[in-house]
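K.L.:
Just passing along the structure, written as structure tokens.
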Amino acid sequence: MRTSTAKVTTPADDQILITRDFEAPKRLVYKVWTTPELIKRWWSGGLGEVTVAEVDLRVGGRWRYVLVAPDGGCAFHGEYREIVTNERLVHTEVLEMPGITDEDAVVDTVTFTEQDGRTTLTMHVQAKDKATRDLILESGMEEGMQAGWSLAEELAIELAAQEKAPA
């Protein structure tokens with residue numbers, strides 16, 4: 001297991017900035033981030049099972065993930081606003097629960113930069129206000145995210161090893 005962890009900061013009252021290094025090339029981290037079968041293997045952070053990972057990877061396309069866990073789980077969805085393959089994703093993100101609508105969406109901007117075969121993933125979360133940002137931070141999301149992103153890194157490393165293995 002890798003020891004890298006994501007750094008979570010709050011650059012403004014309505015923003016969250018998350019940065020983490022991955023020991024894999026950005027094209028593989030991007031692949032892990034955008035391929036439904038791979039998302040199902042890491043997004044839960046080991047806290048349950050991802051039963052739905054739908055990705056319509058095009059501007060205007062929608063995504064949806066459903067996690068079933070002992071505590072009941074959760075579901076999120078959103079819409080892609082910008083896609084630059086292996087470089088950048090901009091999409092909305094909505095927690096599916098009563099009282100929350102698409103108008104409550106945060107906007108996530110995910111960038112993938114590579115140096116010497118390692119990827120720095122940066123996620124900028126733009127909330128509609130401080131209260132929304134604080135709810136996200138207080139939800140316990142960081143623990144699950146840290147575990148999930150560690151699994152994503154392991155999966156990207158596994159893909160890199162498969163590429164190097166003789167056929």
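Naming works like this for the structure tokens: A, B, ... for the chains as they're shown, residue 1 at the start of each chain, ligands 1 onward in shown order.
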Could you list, as a PyMOL selection string, every residue within 9 Å of Asp13 (chain A), counting only C-alpha atoms and ignoring same-chain residues fewer than 6 positions away?

P.N.:
chain A and resi 127+129-131+133-134

K.L.:
Can those selected residues be exported to a file as an mmCIF file, in the first residue's frame so that it contains C-alpha atoms?

P.N.:
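Saved as again.cif:
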data_model
loop_
_atom_site.group_PDB
_atom_site.id
_atom_site.type_symbol
_atom_site.label_atom_id
_atom_site.label_comp_id
_atom_site.auth_asym_id
_atom_site.auth_seq_id
_atom_site.Cartn_x
_atom_site.Cartn_y
_atom_site.Cartn_z
ATOM 1 C CA ALA A 127 -19.616 25.096 -3.615
ATOM 2 C CA ASP A 129 -21.707 28.958 -0.395
ATOM 3 C CA LYS A 130 -19.746 28.446 2.833
ATOM 4 C CA ALA A 131 -22.532 26.387 4.434
ATOM 5 C CA ARG A 133 -18.622 23.699 1.716
ATOM 6 C CA ASP A 134 -18.712 23.145 5.467
#

K.L.:
Please provide the set of residues having any atom within 10 Å of region 69-84 of chain A, restricted to only C-alpha atoms, with same-chain residues fewer than 3 positions apart removed, written as a VMD selection string.

P.N.:
chain A and resid 44 46 to 66 87 to 97 102 105 to 112

K.L.:
How about saving the chosen residues, C-alpha atoms kept, as a compact mmCIF listing (two decimals), in the first residue's frame?

P.N.:
# COMPACT_ATOMS: atom_id res chain seq x y z
CA SER A 44 -16.02 2.91 -2.34
CA GLY A 46 -13.35 -0.25 0.84
CA LEU A 47 -16.46 0.91 2.73
CA GLY A 48 -18.93 -1.05 0.64
CA GLU A 49 -19.69 -2.00 -2.95
CA VAL A 50 -20.15 0.35 -5.88
CA THR A 51 -23.16 -1.19 -7.60
CA VAL A 52 -23.57 1.53 -10.24
CA ALA A 53 -20.84 3.42 -12.06
CA GLU A 54 -22.32 5.09 -15.12
CA VAL A 55 -20.09 7.38 -17.17
CA ASP A 56 -21.19 9.17 -20.35
CA LEU A 57 -17.83 10.84 -20.90
CA ARG A 58 -18.74 13.75 -23.17
CA VAL A 59 -19.62 17.37 -22.57
CA GLY A 60 -23.26 17.32 -21.50
CA GLY A 61 -22.96 13.63 -20.59
CA ARG A 62 -23.94 12.48 -17.14
CA TRP A 63 -22.28 10.29 -14.54
CA ARG A 64 -23.74 8.45 -11.54
CA TYR A 65 -22.22 6.29 -8.81
CA VAL A 66 -24.10 4.27 -6.19
CA GLU A 87 -5.65 16.49 -18.59
CA ARG A 88 -8.84 17.93 -17.09
CA LEU A 89 -12.43 17.14 -16.15
CA VAL A 90 -15.02 19.69 -15.06
CA HIS A 91 -18.32 18.33 -13.80
CA THR A 92 -21.12 18.97 -11.38
CA GLU A 93 -21.62 16.74 -8.34
CA VAL A 94 -24.85 16.21 -6.43
CA LEU A 95 -25.49 13.97 -3.43
CA GLU A 96 -28.77 12.16 -4.03
CA MET A 97 -30.92 12.70 -0.97
CA ASP A 102 -29.23 19.76 -9.20
CA ALA A 105 -24.53 20.95 -7.19
CA VAL A 106 -20.92 21.73 -6.53
CA VAL A 107 -18.58 22.05 -9.50
CA ASP A 108 -15.49 19.85 -9.45
CA THR A 109 -12.47 20.68 -11.60
CA VAL A 110 -10.04 17.77 -11.70
CA THR A 111 -6.62 18.24 -13.29
CA PHE A 112 -4.00 15.60 -14.00

K.L.:
Using DSSP secondary structure from the backbone, list all strand (DSSP E or B) positions within region 27-107 of chain A, as an NGL selection string.

P.N.:
:A and (49-55 or 62-68 or 74-84 or 88-95 or 106-107)

K.L.:
Write the residues of the preceding selection, restricted to C-alpha atoms, as a PDB file, in the first residue's frame.

P.N.:
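Written file, result_17.pdb:
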ATOM      1  CA  GLU A  49     -19.694  -1.997  -2.948  1.00  0.00           C
ATOM      2  CA  VAL A  50     -20.148   0.353  -5.882  1.00  0.00           C
ATOM      3  CA  THR A  51     -23.164  -1.187  -7.601  1.00  0.00           C
ATOM      4  CA  VAL A  52     -23.571   1.534 -10.237  1.00  0.00           C
ATOM      5  CA  ALA A  53     -20.836   3.424 -12.061  1.00  0.00           C
ATOM      6  CA  GLU A  54     -22.322   5.089 -15.119  1.00  0.00           C
ATOM      7  CA  VAL A  55     -20.086   7.383 -17.174  1.00  0.00           C
ATOM      8  CA  ARG A  62     -23.940  12.480 -17.141  1.00  0.00           C
ATOM      9  CA  TRP A  63     -22.283  10.291 -14.537  1.00  0.00           C
ATOM     10  CA  ARG A  64     -23.738   8.447 -11.543  1.00  0.00           C
ATOM     11  CA  TYR A  65     -22.220   6.287  -8.809  1.00  0.00           C
ATOM     12  CA  VAL A  66     -24.096   4.272  -6.188  1.00  0.00           C
ATOM     13  CA  LEU A  67     -22.379   2.868  -3.101  1.00  0.00           C
ATOM     14  CA  VAL A  68     -24.086   0.178  -1.024  1.00  0.00           C
ATOM     15  CA  CYS A  74     -25.012   6.864  -0.891  1.00  0.00           C
ATOM     16  CA  ALA A  75     -25.404   7.941  -4.489  1.00  0.00           C
ATOM     17  CA  PHE A  76     -23.985  10.882  -6.430  1.00  0.00           C
ATOM     18  CA  HIS A  77     -24.529  12.158  -9.940  1.00  0.00           C
ATOM     19  CA  GLY A  78     -23.487  15.024 -12.145  1.00  0.00           C
ATOM     20  CA  GLU A  79     -22.922  16.366 -15.628  1.00  0.00           C
ATOM     21  CA  TYR A  80     -19.670  16.838 -17.521  1.00  0.00           C
ATOM     22  CA  ARG A  81     -19.032  20.457 -18.510  1.00  0.00           C
ATOM     23  CA  GLU A  82     -15.500  20.190 -19.880  1.00  0.00           C
ATOM     24  CA  ILE A  83     -13.312  17.248 -20.874  1.00  0.00           C
ATOM     25  CA  VAL A  84      -9.688  17.347 -21.974  1.00  0.00           C
ATOM     26  CA  ARG A  88      -8.839  17.934 -17.095  1.00  0.00           C
ATOM     27  CA  LEU A  89     -12.430  17.143 -16.154  1.00  0.00           C
ATOM     28  CA  VAL A  90     -15.016  19.687 -15.057  1.00  0.00           C
ATOM     29  CA  HIS A  91     -18.320  18.327 -13.803  1.00  0.00           C
ATOM     30  CA  THR A  92     -21.119  18.967 -11.377  1.00  0.00           C
ATOM     31  CA  GLU A  93     -21.617  16.743  -8.338  1.00  0.00           C
ATOM     32  CA  VAL A  94     -24.851  16.206  -6.433  1.00  0.00           C
ATOM     33  CA  LEU A  95     -25.491  13.970  -3.430  1.00  0.00           C
ATOM     34  CA  VAL A 106     -20.916  21.728  -6.530  1.00  0.00           C
ATOM     35  CA  VAL A 107     -18.576  22.051  -9.503  1.00  0.00           C
TER      36      VAL A 107
END

K.L.:
Applying 10 Å and only C-alpha atoms, which residues near Ile157 (chain A) remain after dropping the ones on its own chain fewer than 4 positions away? List them as an MDAnalysis selection string.

P.N.:
chainID A and resid 22:25 28:29 151:153 161:163

K.L.:
Set the distance at 9 Å and use only C-alpha atoms: which residues neighbour Glu143 (chain A) once local chain neighbours fewer than 4 positions away are removed? I'd like the list as an NGL selection string.

P.N.:
:A and (45 or 147-148)

K.L.:
A:Gln126, A:Pro98, A:Glu154, A:Lys164: which is nearest Ala12 (chain A), counting only C-alpha atoms?

P.N.:
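When distances to Ala12 (chain A) are compared using only C-alpha atoms, the smallest one comes from A:Gln126.
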
K.L.:
Counting only C-alpha atoms, which residue out of A:Trp43, A:Asn86, A:Asp14, A:Thr19 sits closest to Thr132 (chain A)?

P.N.:
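Comparing A:Trp43, A:Asn86, A:Asp14, A:Thr19 against Thr132 (chain A), the winner is A:Asp14.
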
K.L.:
If you run DSSP on this backbone, which residues of region 30-135 of chain A come out as helix (DSSP H, G or I), and could you give them as a list in words?

P.N.:
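Listing helix (DSSP H, G or I) positions across region 30-135 of chain A yields Tyr30, Lys31, Val32, Trp33, Thr34, Pro36, Glu37, Leu38, Ile39, Lys40, Arg41, Trp42, Asp102, Glu103, Asp104, Lys130, Ala131, Thr132, Arg133, Asp134 and Leu135 of chain A.
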
K.L.:
Could the residues in this selection be saved with N, CA and C atoms as a PDB file, in the first residue's frame?

P.N.:
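And here's again_0.pdb as it stands now:
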ATOM      1  N   TYR A  30      -6.105   8.912 -15.137  1.00  0.00           N
ATOM      2  CA  TYR A  30      -7.310   9.376 -15.831  1.00  0.00           C
ATOM      3  C   TYR A  30      -8.198   8.187 -16.206  1.00  0.00           C
ATOM      4  N   LYS A  31      -7.580   7.126 -16.703  1.00  0.00           N
ATOM      5  CA  LYS A  31      -8.341   5.925 -17.078  1.00  0.00           C
ATOM      6  C   LYS A  31      -9.069   5.345 -15.868  1.00  0.00           C
ATOM      7  N   VAL A  32      -8.370   5.256 -14.742  1.00  0.00           N
ATOM      8  CA  VAL A  32      -8.979   4.747 -13.507  1.00  0.00           C
ATOM      9  C   VAL A  32     -10.133   5.655 -13.082  1.00  0.00           C
ATOM     10  N   TRP A  33      -9.985   6.942 -13.319  1.00  0.00           N
ATOM     11  CA  TRP A  33     -10.967   7.957 -12.909  1.00  0.00           C
ATOM     12  C   TRP A  33     -12.215   7.948 -13.773  1.00  0.00           C
ATOM     13  N   THR A  34     -12.118   7.439 -15.021  1.00  0.00           N
ATOM     14  CA  THR A  34     -13.205   7.624 -15.981  1.00  0.00           C
ATOM     15  C   THR A  34     -13.780   6.332 -16.556  1.00  0.00           C
ATOM     16  N   PRO A  36     -15.915   2.973 -16.012  1.00  0.00           N
ATOM     17  CA  PRO A  36     -16.859   2.426 -15.032  1.00  0.00           C
ATOM     18  C   PRO A  36     -16.374   1.170 -14.310  1.00  0.00           C
ATOM     19  N   GLU A  37     -15.819   0.196 -15.042  1.00  0.00           N
ATOM     20  CA  GLU A  37     -15.395  -1.045 -14.382  1.00  0.00           C
ATOM     21  C   GLU A  37     -14.281  -0.774 -13.365  1.00  0.00           C
ATOM     22  N   LEU A  38     -13.443   0.208 -13.648  1.00  0.00           N
ATOM     23  CA  LEU A  38     -12.353   0.552 -12.727  1.00  0.00           C
ATOM     24  C   LEU A  38     -12.871   1.383 -11.556  1.00  0.00           C
ATOM     25  N   ILE A  39     -13.779   2.304 -11.814  1.00  0.00           N
ATOM     26  CA  ILE A  39     -14.388   3.111 -10.751  1.00  0.00           C
ATOM     27  C   ILE A  39     -15.012   2.205  -9.696  1.00  0.00           C
ATOM     28  N   LYS A  40     -15.660   1.144 -10.159  1.00  0.00           N
ATOM     29  CA  LYS A  40     -16.292   0.199  -9.222  1.00  0.00           C
ATOM     30  C   LYS A  40     -15.278  -0.443  -8.285  1.00  0.00           C
ATOM     31  N   ARG A  41     -14.017  -0.464  -8.669  1.00  0.00           N
ATOM     32  CA  ARG A  41     -12.984  -1.122  -7.857  1.00  0.00           C
ATOM     33  C   ARG A  41     -12.356  -0.201  -6.822  1.00  0.00           C
ATOM     34  N   TRP A  42     -12.535   1.129  -6.942  1.00  0.00           N
ATOM     35  CA  TRP A  42     -11.853   2.016  -5.997  1.00  0.00           C
ATOM     36  C   TRP A  42     -12.758   3.028  -5.307  1.00  0.00           C
ATOM     37  N   ASP A 102     -30.361  19.417  -8.341  1.00  0.00           N
ATOM     38  CA  ASP A 102     -29.232  19.755  -9.203  1.00  0.00           C
ATOM     39  C   ASP A 102     -28.780  21.207  -9.009  1.00  0.00           C
ATOM     40  N   GLU A 103     -29.672  22.066  -8.556  1.00  0.00           N
ATOM     41  CA  GLU A 103     -29.303  23.454  -8.282  1.00  0.00           C
ATOM     42  C   GLU A 103     -28.333  23.564  -7.098  1.00  0.00           C
ATOM     43  N   ASP A 104     -28.259  22.514  -6.284  1.00  0.00           N
ATOM     44  CA  ASP A 104     -27.348  22.486  -5.136  1.00  0.00           C
ATOM     45  C   ASP A 104     -25.973  21.924  -5.497  1.00  0.00           C
ATOM     46  N   LYS A 130     -20.553  28.985   1.739  1.00  0.00           N
ATOM     47  CA  LYS A 130     -19.746  28.446   2.833  1.00  0.00           C
ATOM     48  C   LYS A 130     -20.469  27.300   3.550  1.00  0.00           C
ATOM     49  N   ALA A 131     -21.778  27.426   3.727  1.00  0.00           N
ATOM     50  CA  ALA A 131     -22.532  26.387   4.434  1.00  0.00           C
ATOM     51  C   ALA A 131     -22.434  25.051   3.692  1.00  0.00           C
ATOM     52  N   THR A 132     -22.533  25.091   2.373  1.00  0.00           N
ATOM     53  CA  THR A 132     -22.416  23.862   1.585  1.00  0.00           C
ATOM     54  C   THR A 132     -21.011  23.290   1.700  1.00  0.00           C
ATOM     55  N   ARG A 133     -20.011  24.165   1.573  1.00  0.00           N
ATOM     56  CA  ARG A 133     -18.622  23.699   1.716  1.00  0.00           C
ATOM     57  C   ARG A 133     -18.414  23.044   3.068  1.00  0.00           C
ATOM     58  N   ASP A 134     -18.900  23.684   4.123  1.00  0.00           N
ATOM     59  CA  ASP A 134     -18.712  23.145   5.467  1.00  0.00           C
ATOM     60  C   ASP A 134     -19.443  21.817   5.665  1.00  0.00           C
ATOM     61  N   LEU A 135     -20.634  21.674   5.076  1.00  0.00           N
ATOM     62  CA  LEU A 135     -21.349  20.393   5.157  1.00  0.00           C
ATOM     63  C   LEU A 135     -20.534  19.274   4.523  1.00  0.00           C
TER      64      LEU A 135
END
